[in-house]
$ cat structure.txt   # compact mmCIF, C-alpha atoms and all ligand atoms
# COMPACT_ATOMS: atom_id res chain seq x y z
CA MET P 1 20.25 -3.66 -21.71
CA ALA P 2 17.35 -5.87 -20.68
CA GLN P 3 15.94 -8.11 -23.37
CA TYR P 4 12.24 -7.75 -23.98
CA ASN P 5 9.82 -8.96 -26.52
CA THR P 6 8.67 -5.79 -28.28
CA ASN P 7 5.44 -7.55 -29.24
CA ASP P 8 4.38 -7.25 -25.63
CA PHE P 9 4.54 -3.46 -25.83
CA VAL P 10 1.80 -1.88 -27.88
CA ILE P 11 1.87 1.85 -28.59
CA CYS P 12 -1.65 3.19 -28.32
CA GLY P 13 -3.84 6.27 -28.05
CA GLU P 14 -4.94 8.63 -30.78
CA ARG P 15 -1.73 10.58 -30.20
CA HIS P 16 0.48 7.49 -29.77
CA ASN P 17 1.56 8.89 -26.44
CA TYR P 18 1.19 5.80 -24.27
CA TYR P 19 1.72 2.07 -24.47
CA SER P 20 0.10 -1.01 -23.06
CA TYR P 21 2.03 -3.77 -21.38
CA ASP P 22 0.70 -6.73 -19.41
CA GLY P 23 -2.78 -5.23 -19.24
CA GLU P 24 -1.66 -1.80 -17.95
CA LEU P 25 -1.22 1.54 -19.73
CA TYR P 26 2.05 3.49 -19.37
CA THR P 27 3.05 6.97 -20.53
CA ASP P 28 5.30 6.63 -23.60
CA THR P 29 8.46 7.79 -21.80
CA PHE P 30 8.11 5.37 -18.86
CA PRO P 31 11.11 3.01 -19.28
CA TYR P 32 10.12 -0.30 -20.89
CA ASP P 33 12.49 -2.32 -18.75
CA TRP P 34 10.93 -0.87 -15.58
CA ALA P 35 7.45 -1.84 -16.78
CA GLU P 36 8.78 -5.31 -17.41
CA ASN P 37 10.53 -5.56 -14.04
CA HIS P 38 8.37 -4.32 -11.21
CA ILE P 39 9.37 -5.65 -7.79
CA PRO P 40 6.43 -7.80 -6.56
CA ASN P 41 3.64 -5.72 -4.96
CA THR P 42 4.79 -2.49 -6.65
CA GLY P 43 3.46 -0.81 -9.76
CA PRO P 44 0.01 -0.21 -11.27
CA LYS P 45 -1.09 -3.85 -11.22
CA ASP P 46 -0.13 -4.82 -7.67
CA CYS P 47 -0.36 -1.56 -5.72
CA ALA P 48 -3.55 0.47 -5.39
CA ASN P 49 -1.64 3.66 -4.49
CA CYS P 50 0.54 3.37 -7.58
CA ALA P 51 -2.54 2.85 -9.73
CA GLU P 52 -4.32 5.83 -8.16
CA TYR P 53 -1.67 8.48 -7.48
CA GLY P 54 0.96 7.27 -9.93
CA SER P 55 -1.34 7.63 -12.90
CA TRP P 56 -2.19 10.72 -14.92
CA ASN P 57 -5.05 10.89 -17.44
CA GLY P 58 -5.47 7.14 -17.25
CA VAL P 59 -1.85 6.04 -17.80
CA PHE P 60 0.87 5.07 -15.33
CA VAL P 61 3.58 7.73 -14.87
CA GLY P 62 5.44 6.58 -11.73
CA TYR P 63 5.36 4.67 -8.47
CA CYS P 64 3.81 5.78 -5.19
CA PRO P 65 6.32 6.94 -2.49
CA ASN P 66 6.08 3.60 -0.60
CA CYS P 67 6.97 1.56 -3.65
CA ALA P 68 9.66 4.09 -4.65
CA LEU P 69 11.42 3.17 -1.38
CA ASP P 70 11.62 -0.47 -2.53
CA TYR P 71 13.81 0.74 -5.40
CA ASP P 72 16.01 2.81 -3.05
CA GLY P 73 15.00 5.93 -4.97
CA LYS P 74 16.53 4.60 -8.20
CA ARG P 75 13.14 5.03 -9.86
CA GLY P 76 12.41 8.44 -8.35
CA SER P 77 10.81 9.61 -5.10
CA GLY P 78 7.28 8.55 -6.06
CA PHE P 79 3.98 10.33 -6.61
CA SER P 80 2.28 11.29 -3.36
CA SER P 81 -0.81 12.67 -5.08
CA TYR P 82 -2.19 13.10 -8.59
CA GLY P 83 0.67 14.55 -10.66
CA GLU P 84 2.65 15.48 -7.54
CA GLU P 85 6.01 13.96 -6.80
CA GLN P 86 7.04 13.49 -3.21
CA ASP P 87 10.36 15.22 -3.93
CA LYS P 88 10.55 17.11 -7.19
CA SER P 89 14.16 18.08 -6.60
CA HIS P 90 15.17 14.41 -6.19
CA GLU P 91 17.93 13.79 -8.72
CA LEU P 92 16.07 10.84 -10.24
CA SER P 93 12.54 12.25 -9.97
CA ALA P 94 10.36 11.65 -13.03
CA ASN P 95 10.27 15.40 -13.46
CA ASN P 96 14.07 15.44 -13.86
CA THR P 97 14.38 12.27 -15.96
CA TYR P 98 11.88 10.47 -18.17
CA MET P 99 9.14 13.11 -17.77
CA ALA P 100 11.33 16.21 -18.11
CA GLY P 101 9.62 18.95 -20.11
CA VAL P 102 6.45 16.91 -20.63
CA TRP P 103 3.26 18.95 -20.57
CA TRP P 104 0.35 17.54 -18.55
CA LEU P 105 -1.93 17.78 -21.56
CA ASP P 106 0.41 15.51 -23.52
CA ILE P 107 0.11 12.64 -21.04
CA GLY P 108 -2.50 9.92 -21.52
CA ASP P 109 -5.98 10.92 -22.55
CA THR P 110 -8.55 12.91 -20.58
CA ASP P 111 -11.19 10.65 -22.15
CA LEU P 112 -9.72 7.80 -20.08
CA VAL P 113 -9.54 9.78 -16.81
CA ASP P 114 -9.50 13.55 -16.27
CA SER P 115 -6.75 13.84 -13.67
CA VAL P 116 -6.94 17.62 -13.28
CA LYS P 117 -10.50 17.21 -12.05
CA LEU P 118 -9.46 14.42 -9.66
CA TYR P 119 -6.55 16.49 -8.38
CA ARG P 120 -8.76 19.48 -7.66
CA LYS P 121 -11.43 17.42 -5.95
CA HIS P 122 -8.70 15.95 -3.77
CA GLN P 123 -7.39 19.44 -2.93
CA ARG P 124 -10.88 20.73 -2.07
CA ASP P 125 -11.53 17.69 0.13
CA ASP P 126 -8.30 18.40 1.99
CA GLU P 127 -9.27 22.07 2.46
CA TYR P 128 -12.68 21.01 3.73
CA HIS P 129 -11.25 18.57 6.27
CA LEU P 130 -8.76 21.17 7.45
CA MET P 131 -11.53 23.73 7.95
CA MET P 132 -13.65 21.24 9.92
CA ARG P 133 -10.68 20.25 12.08
CA GLU P 134 -10.01 23.89 12.92
CA LEU P 135 -13.66 24.43 13.87
CA ILE P 136 -13.62 21.33 16.09
CA GLU P 137 -10.48 22.56 17.87
CA LEU P 138 -12.11 25.92 18.43
CA GLU P 139 -15.23 24.25 19.83
CA LYS P 140 -13.20 22.11 22.23
CA ASP P 141 -11.58 25.25 23.53
CA GLU P 142 -14.94 27.00 23.95
CA ASP P 143 -16.35 23.95 25.74
CA LYS P 144 -13.60 24.16 28.34
CA HIS P 145 -14.46 27.75 29.24
CA CYS P 146 -18.23 27.49 29.09
CA LEU P 147 -20.40 27.57 32.20
CA PRO P 148 -22.98 24.73 32.32
CA GLU P 149 -25.93 27.14 32.16
CA ASP P 150 -24.59 28.69 28.94
CA ARG P 151 -24.00 25.36 27.23
CA TYR P 152 -27.17 25.29 25.16
CA GLN P 153 -26.58 28.81 23.81
CA MET P 154 -23.00 27.96 22.96
CA HIS P 155 -23.96 24.85 21.01
CA CYS P 156 -26.50 26.89 19.00
CA ARG P 157 -23.78 29.44 18.15
CA GLN P 158 -21.39 26.67 17.13
CA GLU P 159 -24.03 25.07 14.94
CA ASP P 160 -24.72 28.42 13.22
CA ARG P 161 -21.03 29.00 12.68
CA ARG P 162 -20.57 25.56 11.09
CA ILE P 163 -23.47 26.10 8.71
CA THR P 164 -22.13 29.54 7.70
CA ALA P 165 -18.61 28.18 7.19
CA GLU P 166 -19.83 25.26 5.07
CA ASP P 167 -22.00 27.55 2.94
CA ALA P 168 -19.08 29.93 2.36
CA PHE P 169 -16.84 26.98 1.51
CA ILE P 170 -19.29 25.58 -1.05
CA GLU P 171 -19.79 29.01 -2.64
CA ASN P 172 -16.02 29.57 -2.91
CA ARG P 173 -15.50 26.09 -4.27
CA ASP P 174 -17.98 26.74 -7.08
CA ILE P 175 -16.25 30.02 -7.96
CA TYR P 176 -12.85 28.29 -7.98
CA THR P 177 -14.14 25.41 -10.08
CA ALA P 178 -15.56 27.83 -12.68
CA ARG P 179 -12.24 29.71 -12.74
CA ASP P 180 -10.22 26.48 -13.02
CA ASP P 181 -12.41 25.27 -15.88
CA ALA P 182 -11.78 28.56 -17.70
CA ILE P 183 -8.01 28.15 -17.23
CA ASP P 184 -8.20 24.56 -18.52
CA LEU P 185 -10.02 25.74 -21.59
CA GLN P 186 -7.37 28.40 -22.23
CA GLU P 187 -4.62 25.81 -21.78
CA LYS P 188 -6.37 23.44 -24.19
CA ILE P 189 -6.76 26.20 -26.80
CA ARG P 190 -3.11 27.10 -26.35
CA TRP P 191 -2.14 23.47 -26.80
CA LEU P 192 -4.28 23.12 -29.94
CA ASN P 193 -2.60 26.24 -31.37
CA VAL P 194 0.84 24.78 -30.68
CA GLN P 195 -0.18 21.56 -32.45
CA ALA P 196 -1.64 23.48 -35.42
CA ASN P 197 1.58 25.51 -35.73
CA LYS P 198 3.66 22.33 -35.58
CA ARG P 199 1.60 20.83 -38.39
CA LEU P 200 1.92 24.01 -40.50
CA THR P 201 5.70 24.00 -40.04
CA GLN P 202 5.88 20.34 -41.04
CA GLU P 203 3.78 20.93 -44.16
CA LYS P 204 6.03 23.75 -45.37
ZN ZN P 301 2.82 1.70 -4.89
$ encode --input "structure.txt" --output "structure tokens"
Amino acid sequence: MAQYNTNDFVICGERHNYYSYDGELYTDTFPYDWAENHIPNTGPKDCANCAEYGSWNGVFVGYCPNCALDYDGKRGSGFSSYGEEQDKSHELSANNTYMAGVWWLDIGDTDLVDSVKLYRKHQRDDEYHLMMRELIELEKDEDKHCLPEDRYQMHCRQEDRRITAEDAFIENRDIYTARDDAIDLQEKIRWLNVQANKRLTQEK
């Protein structure tokens, strides 16, 4: 086993569920010897993708897919987006090893960063870009078949369609966000109940 100075690792957080090492925060189950031995240019300090996509609620949970390659998959397949592993079925994925059975609410602290919100914003941005790309493709196709004298009319129709699509998208997004917030609240209440029950059982 690797030798490390335990003084360098400080357990922190109100729930003692993460630690600090060399100026970075790690989820409590992230292996200490990995944190101590990142290959240069990988990990939360040296790689912006690791810091962004490999973190959940403000603490590091795993490498990005590019850095994961540097370890030949021995440290998992990497996180391609917030809380999403490139290959969940990978034998050594975080989900199957050091993060197995860990609930997203138990990782880090939403007061540091609220990763669910980041994740959803990211998803919505992707949906938006996809929608715009589809509209642009459609317009290119219409352009090809349009007679020059009809061009002005066609551009007006395209403009109207874009505005309508964007409005519908924004309206849907607000409905989804409200629904997601309600689900989060339910999850949080459920989690608090689980904690309260645990405490009651311990007190008995
Ligand atoms: Zn990385």
$ closest_residue --input "structure.txt" --among "P:Asp8, P:Asp46, P:Glu139, P:Asp125" --to "P:Arg162" --atoms "all atoms listed in the file"
P:Glu139
$ closest_residue --input "structure.txt" --among "P:Thr164, P:Gln202, P:Gln123, P:Thr27" --to "P:Phe60" --atoms "all atoms listed in the file"
P:Thr27
$ atom_distance --input "structure.txt" --atom1 "atom CA of P:Phe9" --atom2 "atom CA of P:Met99"
19.0 Å
$ closest_residue --input "structure.txt" --among "P:Ile11, P:Cys50, P:Ala35, P:Val116" --to "ligand ZN 301 (chain P)" --atoms "only C-alpha atoms and all ligand atoms"
P:Cys50
$ residues_near_ligand --input "structure.txt" --ligand "ligand ZN 301 (chain P)" --cutoff "6 Å" --atoms "all atoms listed in the file" --output "list in words"
Thr42, Gly43, Cys47, Asn49, Cys50, Tyr63, Cys64, Asn66 and Cys67 of chain P
$ atom_distance --input "structure.txt" --atom1 "atom CA of P:Gln195" --atom2 "atom CA of P:Ser81"
28.8 Å
$ atom_distance --input "structure.txt" --atom1 "atom CA of P:Ser80" --atom2 "atom CA of P:Ile107"
17.9 Å
$ residues_around --input "structure.txt" --residues "P:Asn57" --least-positions-apart "2" --cutoff "7 Å" --atoms "all atoms listed in the file" --output "list in words"
Ser55, Val59, Ile107, Gly108, Asp109, Thr110, Leu112, Val113, Asp114 and Ser115 of chain P
$ residues_around --input "structure.txt" --residues "stretch 181-193 of chain P" --least-positions-apart "6" --cutoff "12 Å" --atoms "only C-alpha atoms" --output "ChimeraX atom specification"
/P:103-106,110,114-117,120,174-175,199-200
$ closest_residue --input "structure.txt" --among "P:His38, P:Lys45, P:His90, P:His129" --to "P:Glu24" --atoms "only C-alpha atoms"
P:Lys45
$ closest_residue --input "structure.txt" --among "P:Asp143, P:Asp111, P:Asp167, P:Glu52" --to "P:Gly13" --atoms "only C-alpha atoms"
P:Asp111
$ build_atoms --input "structure.txt" --residues "stretch 10-32 of chain P" --atoms "N, CA and C atoms" --output "short mmCIF file (atom, residue, chain, number, x, y, z; two decimals), in the coordinates of the input"
data_model
loop_
_atom_site.label_atom_id
_atom_site.label_comp_id
_atom_site.auth_asym_id
_atom_site.auth_seq_id
_atom_site.Cartn_x
_atom_site.Cartn_y
_atom_site.Cartn_z
N VAL P 10 2.60 -2.39 -26.76
CA VAL P 10 1.80 -1.88 -27.88
C VAL P 10 1.58 -0.39 -27.69
N ILE P 11 2.08 0.40 -28.64
CA ILE P 11 1.87 1.85 -28.59
C ILE P 11 0.39 2.10 -28.87
N CYS P 12 -0.24 2.93 -28.05
CA CYS P 12 -1.65 3.19 -28.32
C CYS P 12 -2.05 4.62 -28.05
N GLY P 13 -3.32 4.91 -28.20
CA GLY P 13 -3.84 6.27 -28.05
C GLY P 13 -3.84 6.98 -29.39
N GLU P 14 -4.81 7.86 -29.54
CA GLU P 14 -4.94 8.63 -30.78
C GLU P 14 -3.64 9.38 -31.09
N ARG P 15 -2.94 9.79 -30.02
CA ARG P 15 -1.73 10.58 -30.20
C ARG P 15 -0.46 9.73 -30.02
N HIS P 16 -0.64 8.42 -29.95
CA HIS P 16 0.48 7.49 -29.77
C HIS P 16 1.37 7.89 -28.60
N ASN P 17 0.75 8.37 -27.55
CA ASN P 17 1.56 8.89 -26.44
C ASN P 17 1.57 7.97 -25.22
N TYR P 18 1.07 6.77 -25.36
CA TYR P 18 1.19 5.80 -24.27
C TYR P 18 1.25 4.39 -24.85
N TYR P 19 1.65 3.44 -23.99
CA TYR P 19 1.72 2.07 -24.47
C TYR P 19 1.04 1.14 -23.48
N SER P 20 0.68 -0.03 -23.97
CA SER P 20 0.10 -1.01 -23.06
C SER P 20 1.11 -2.14 -22.88
N TYR P 21 1.17 -2.63 -21.67
CA TYR P 21 2.03 -3.77 -21.38
C TYR P 21 1.39 -4.57 -20.25
N ASP P 22 1.24 -5.86 -20.44
CA ASP P 22 0.70 -6.73 -19.41
C ASP P 22 -0.60 -6.18 -18.81
N GLY P 23 -1.45 -5.69 -19.68
CA GLY P 23 -2.78 -5.23 -19.24
C GLY P 23 -2.82 -3.86 -18.59
N GLU P 24 -1.68 -3.15 -18.54
CA GLU P 24 -1.66 -1.80 -17.95
C GLU P 24 -1.21 -0.79 -19.00
N LEU P 25 -1.63 0.47 -18.80
CA LEU P 25 -1.22 1.54 -19.73
C LEU P 25 -0.12 2.37 -19.08
N TYR P 26 0.90 2.71 -19.86
CA TYR P 26 2.05 3.49 -19.37
C TYR P 26 2.28 4.69 -20.28
N THR P 27 2.70 5.82 -19.70
CA THR P 27 3.05 6.97 -20.53
C THR P 27 4.24 6.58 -21.41
N ASP P 28 4.32 7.13 -22.63
CA ASP P 28 5.30 6.63 -23.60
C ASP P 28 6.75 6.72 -23.14
N THR P 29 7.06 7.66 -22.22
CA THR P 29 8.46 7.79 -21.80
C THR P 29 8.80 6.93 -20.57
N PHE P 30 7.80 6.24 -20.01
CA PHE P 30 8.11 5.37 -18.86
C PHE P 30 8.99 4.22 -19.38
N PRO P 31 10.18 4.01 -18.75
CA PRO P 31 11.11 3.01 -19.28
C PRO P 31 10.49 1.62 -19.42
N TYR P 32 10.67 1.03 -20.60
CA TYR P 32 10.12 -0.30 -20.89
C TYR P 32 10.65 -1.35 -19.91
#
